[in-house]
Amino acid sequence: RARRLPCTTARARAVIAGTPSRWTSGLCSGRADGNDTPCGWARAFPKQCPIEYSENERMRWHAWEPRLRGTSKDGVPFNSDELVPRDGARAQFMGEFRADVEAYLPQIWEVRHLRHAVRLFEERKDQVTATRHSDYASQVPIVRASTATCASKESINNCVSVIGFKPRNVEVPLRRQAHAAAEGEPSTRTARRQTVLIAFGMFANTYQPDACSFDVQAADLESILKAGVFIHGEWFFKGKWLQGGKLRAEL
């Protein structure tokens, strides 16, 4: 009634959803008749199973659907997604499921490919190269006394940056079984490590995060790594206040 998608096997992930490249088009073990795009739902399941696509069999599943939550001050309705139960024929479910899978396969492959590329770059970069990965996280609440009449709860924007530099090889211990130790197998292995700094760039939530706030933080972090000083905002490091630079100004 069903079988695993060829695209989930280790050698077939390279050509998911008919998007081969000159580096990966020859890796798919399911290629036939000289076609370089054997993956994807249509080629993995060329015929519909009459049991799975039955119009008579009923089933129940859950799906994300928009639900009305209210209206804004201007009278514009707004929705949010909610996981709701649905009932129908198996053919209806399989139609929705197939559409979701076909949209999911190329996206998850792209995510895995990018993660793998980042990991390889981090492992092979030289001693004078630093990498920074930044993204805005959820707002951080300010803990302070407040009541319904004298104050309201506040929060601040938070941009998290992870900086890696000075890569090096280190020896790390291995977990070995007793027989392995008795046979004289190595107790350590060589692993790639680097120095990592995590910076939290915070500013008032009255300012909408944009490219300006992102670039200002990036310039500050680059300056502290290269010159040892900040040029824009003020920062705190290990409990110490680091004064802002000559370009300090309101966002």
# chains A, B, ... in the order shown; residues from 1 in each chain; ligands from 1

call {"tool": "select_by_dssp", "arguments": {"residues": "range 86-135 of chain A", "states": "helix (DSSP H, G or I)", "output": "JSON, numbers by chain"}}
result
{"A": [90, 91, 92, 93, 94, 95, 96, 97, 98, 99, 100, 101, 102, 103, 104, 105, 106, 107, 108, 109, 110, 111, 112, 113, 114, 115, 116, 117, 118, 119, 120, 121, 122, 123, 124]}

call {"tool": "closest_residue", "arguments": {"among": "A:Ala103, A:Val140, A:Ala204, A:Ala63", "to": "Val84 in chain A", "atoms": "only C-alpha atoms"}}
result
A:Ala63

call {"tool": "residues_around", "arguments": {"residues": "range 227-239 of chain A", "least_positions_apart": "2", "cutoff": "10 Å", "atoms": "only C-alpha atoms", "output": "ChimeraX atom specification"}}
result
/A:199-203,216-217,219-225,241-251

call {"tool": "write_last_selection", "arguments": {"atoms": "N, CA and C atoms", "output": "PDB file, in the first residue's frame"}}
result
ATOM      1  N   ALA A 199      26.566  37.582  21.470  1.00  0.00           N
ATOM      2  CA  ALA A 199      26.242  38.974  21.785  1.00  0.00           C
ATOM      3  C   ALA A 199      24.736  39.177  21.670  1.00  0.00           C
ATOM      4  N   PHE A 200      24.184  39.902  22.634  1.00  0.00           N
ATOM      5  CA  PHE A 200      22.766  40.232  22.637  1.00  0.00           C
ATOM      6  C   PHE A 200      22.626  41.740  22.426  1.00  0.00           C
ATOM      7  N   GLY A 201      22.185  42.124  21.235  1.00  0.00           N
ATOM      8  CA  GLY A 201      21.992  43.535  20.927  1.00  0.00           C
ATOM      9  C   GLY A 201      20.572  43.956  21.270  1.00  0.00           C
ATOM     10  N   MET A 202      20.413  44.774  22.308  1.00  0.00           N
ATOM     11  CA  MET A 202      19.082  45.141  22.799  1.00  0.00           C
ATOM     12  C   MET A 202      18.836  46.636  22.621  1.00  0.00           C
ATOM     13  N   PHE A 203      17.606  46.966  22.245  1.00  0.00           N
ATOM     14  CA  PHE A 203      17.208  48.367  22.115  1.00  0.00           C
ATOM     15  C   PHE A 203      15.700  48.452  22.283  1.00  0.00           C
ATOM     16  N   VAL A 216      24.265  48.485  12.434  1.00  0.00           N
ATOM     17  CA  VAL A 216      24.966  49.156  13.530  1.00  0.00           C
ATOM     18  C   VAL A 216      25.567  48.126  14.486  1.00  0.00           C
ATOM     19  N   GLN A 217      24.808  47.106  14.833  1.00  0.00           N
ATOM     20  CA  GLN A 217      25.329  46.074  15.719  1.00  0.00           C
ATOM     21  C   GLN A 217      26.456  45.292  15.050  1.00  0.00           C
ATOM     22  N   ALA A 219      28.546  46.376  12.780  1.00  0.00           N
ATOM     23  CA  ALA A 219      29.738  47.222  12.742  1.00  0.00           C
ATOM     24  C   ALA A 219      30.420  47.269  14.105  1.00  0.00           C
ATOM     25  N   ASP A 220      29.639  47.330  15.176  1.00  0.00           N
ATOM     26  CA  ASP A 220      30.217  47.336  16.521  1.00  0.00           C
ATOM     27  C   ASP A 220      30.962  46.036  16.814  1.00  0.00           C
ATOM     28  N   LEU A 221      30.365  44.919  16.485  1.00  0.00           N
ATOM     29  CA  LEU A 221      31.001  43.627  16.761  1.00  0.00           C
ATOM     30  C   LEU A 221      32.258  43.446  15.918  1.00  0.00           C
ATOM     31  N   GLU A 222      32.209  43.892  14.692  1.00  0.00           N
ATOM     32  CA  GLU A 222      33.405  43.810  13.848  1.00  0.00           C
ATOM     33  C   GLU A 222      34.516  44.707  14.381  1.00  0.00           C
ATOM     34  N   SER A 223      34.143  45.896  14.867  1.00  0.00           N
ATOM     35  CA  SER A 223      35.146  46.826  15.386  1.00  0.00           C
ATOM     36  C   SER A 223      35.812  46.296  16.657  1.00  0.00           C
ATOM     37  N   ILE A 224      35.031  45.684  17.551  1.00  0.00           N
ATOM     38  CA  ILE A 224      35.623  45.193  18.796  1.00  0.00           C
ATOM     39  C   ILE A 224      36.567  44.033  18.539  1.00  0.00           C
ATOM     40  N   LEU A 225      36.282  43.240  17.511  1.00  0.00           N
ATOM     41  CA  LEU A 225      37.162  42.117  17.188  1.00  0.00           C
ATOM     42  C   LEU A 225      38.453  42.585  16.510  1.00  0.00           C
ATOM     43  N   TRP A 241      30.772  47.698  32.068  1.00  0.00           N
ATOM     44  CA  TRP A 241      30.158  48.585  31.088  1.00  0.00           C
ATOM     45  C   TRP A 241      31.216  49.059  30.109  1.00  0.00           C
ATOM     46  N   LEU A 242      30.954  48.875  28.814  1.00  0.00           N
ATOM     47  CA  LEU A 242      31.854  49.327  27.765  1.00  0.00           C
ATOM     48  C   LEU A 242      31.200  50.509  27.067  1.00  0.00           C
ATOM     49  N   GLN A 243      31.817  51.667  27.206  1.00  0.00           N
ATOM     50  CA  GLN A 243      31.227  52.911  26.719  1.00  0.00           C
ATOM     51  C   GLN A 243      31.132  52.918  25.213  1.00  0.00           C
ATOM     52  N   GLY A 244      30.080  53.569  24.699  1.00  0.00           N
ATOM     53  CA  GLY A 244      29.876  53.666  23.261  1.00  0.00           C
ATOM     54  C   GLY A 244      30.924  54.534  22.588  1.00  0.00           C
ATOM     55  N   GLY A 245      31.040  54.426  21.271  1.00  0.00           N
ATOM     56  CA  GLY A 245      32.064  55.148  20.535  1.00  0.00           C
ATOM     57  C   GLY A 245      31.655  56.520  20.080  1.00  0.00           C
ATOM     58  N   LYS A 246      32.473  57.098  19.223  1.00  0.00           N
ATOM     59  CA  LYS A 246      32.265  58.476  18.780  1.00  0.00           C
ATOM     60  C   LYS A 246      31.068  58.618  17.865  1.00  0.00           C
ATOM     61  N   LEU A 247      30.594  57.536  17.286  1.00  0.00           N
ATOM     62  CA  LEU A 247      29.440  57.597  16.381  1.00  0.00           C
ATOM     63  C   LEU A 247      28.146  57.256  17.099  1.00  0.00           C
ATOM     64  N   ARG A 248      28.187  57.267  18.409  1.00  0.00           N
ATOM     65  CA  ARG A 248      27.001  56.909  19.160  1.00  0.00           C
ATOM     66  C   ARG A 248      25.883  57.924  18.924  1.00  0.00           C
ATOM     67  N   ALA A 249      24.681  57.430  18.641  1.00  0.00           N
ATOM     68  CA  ALA A 249      23.537  58.311  18.402  1.00  0.00           C
ATOM     69  C   ALA A 249      22.264  57.507  18.544  1.00  0.00           C
ATOM     70  N   GLU A 250      21.147  58.210  18.569  1.00  0.00           N
ATOM     71  CA  GLU A 250      19.850  57.531  18.639  1.00  0.00           C
ATOM     72  C   GLU A 250      19.574  56.829  17.313  1.00  0.00           C
ATOM     73  N   LEU A 251      18.922  55.687  17.405  1.00  0.00           N
ATOM     74  CA  LEU A 251      18.536  54.967  16.182  1.00  0.00           C
ATOM     75  C   LEU A 251      17.480  55.771  15.414  1.00  0.00           C
TER      76      LEU A 251
END

call {"tool": "closest_residue", "arguments": {"among": "A:Gln48, A:Asn169, A:Gln107, A:Thr195", "to": "Thr129 in chain A", "atoms": "only C-alpha atoms"}}
result
A:Thr195

call {"tool": "residues_around", "arguments": {"residues": "Glu122 in chain A", "least_positions_apart": "5", "cutoff": "9 Å", "atoms": "only C-alpha atoms", "output": "PyMOL selection string"}}
result
chain A and resi 117+131+164+167+194

call {"tool": "closest_residue", "arguments": {"among": "A:Asn56, A:Ser187, A:Ser134, A:Asn205", "to": "Ala89 in chain A", "atoms": "only C-alpha atoms"}}
result
A:Asn56

call {"tool": "closest_residue", "arguments": {"among": "A:Ala191, A:Ala99, A:Leu120, A:Cys159", "to": "Val172 in chain A", "atoms": "only C-alpha atoms"}}
result
A:Ala191

call {"tool": "residues_around", "arguments": {"residues": "Leu83 in chain A", "least_positions_apart": "6", "cutoff": "8 Å", "atoms": "only C-alpha atoms", "output": "count of residues only"}}
result
4

call {"tool": "closest_residue", "arguments": {"among": "A:His113, A:Glu102, A:Ile156, A:Lys166", "to": "Tyr136 in chain A", "atoms": "only C-alpha atoms"}}
result
A:Ile156

call {"tool": "closest_residue", "arguments": {"among": "A:Arg98, A:His116, A:Arg189, A:Lys153", "to": "Leu174 in chain A", "atoms": "only C-alpha atoms"}}
result
A:Arg189

call {"tool": "residues_around", "arguments": {"residues": "Phe93 in chain A", "least_positions_apart": "5", "cutoff": "9 Å", "atoms": "only C-alpha atoms", "output": "MDAnalysis selection string"}}
result
chainID A and resid 53 59:61 87:88 98
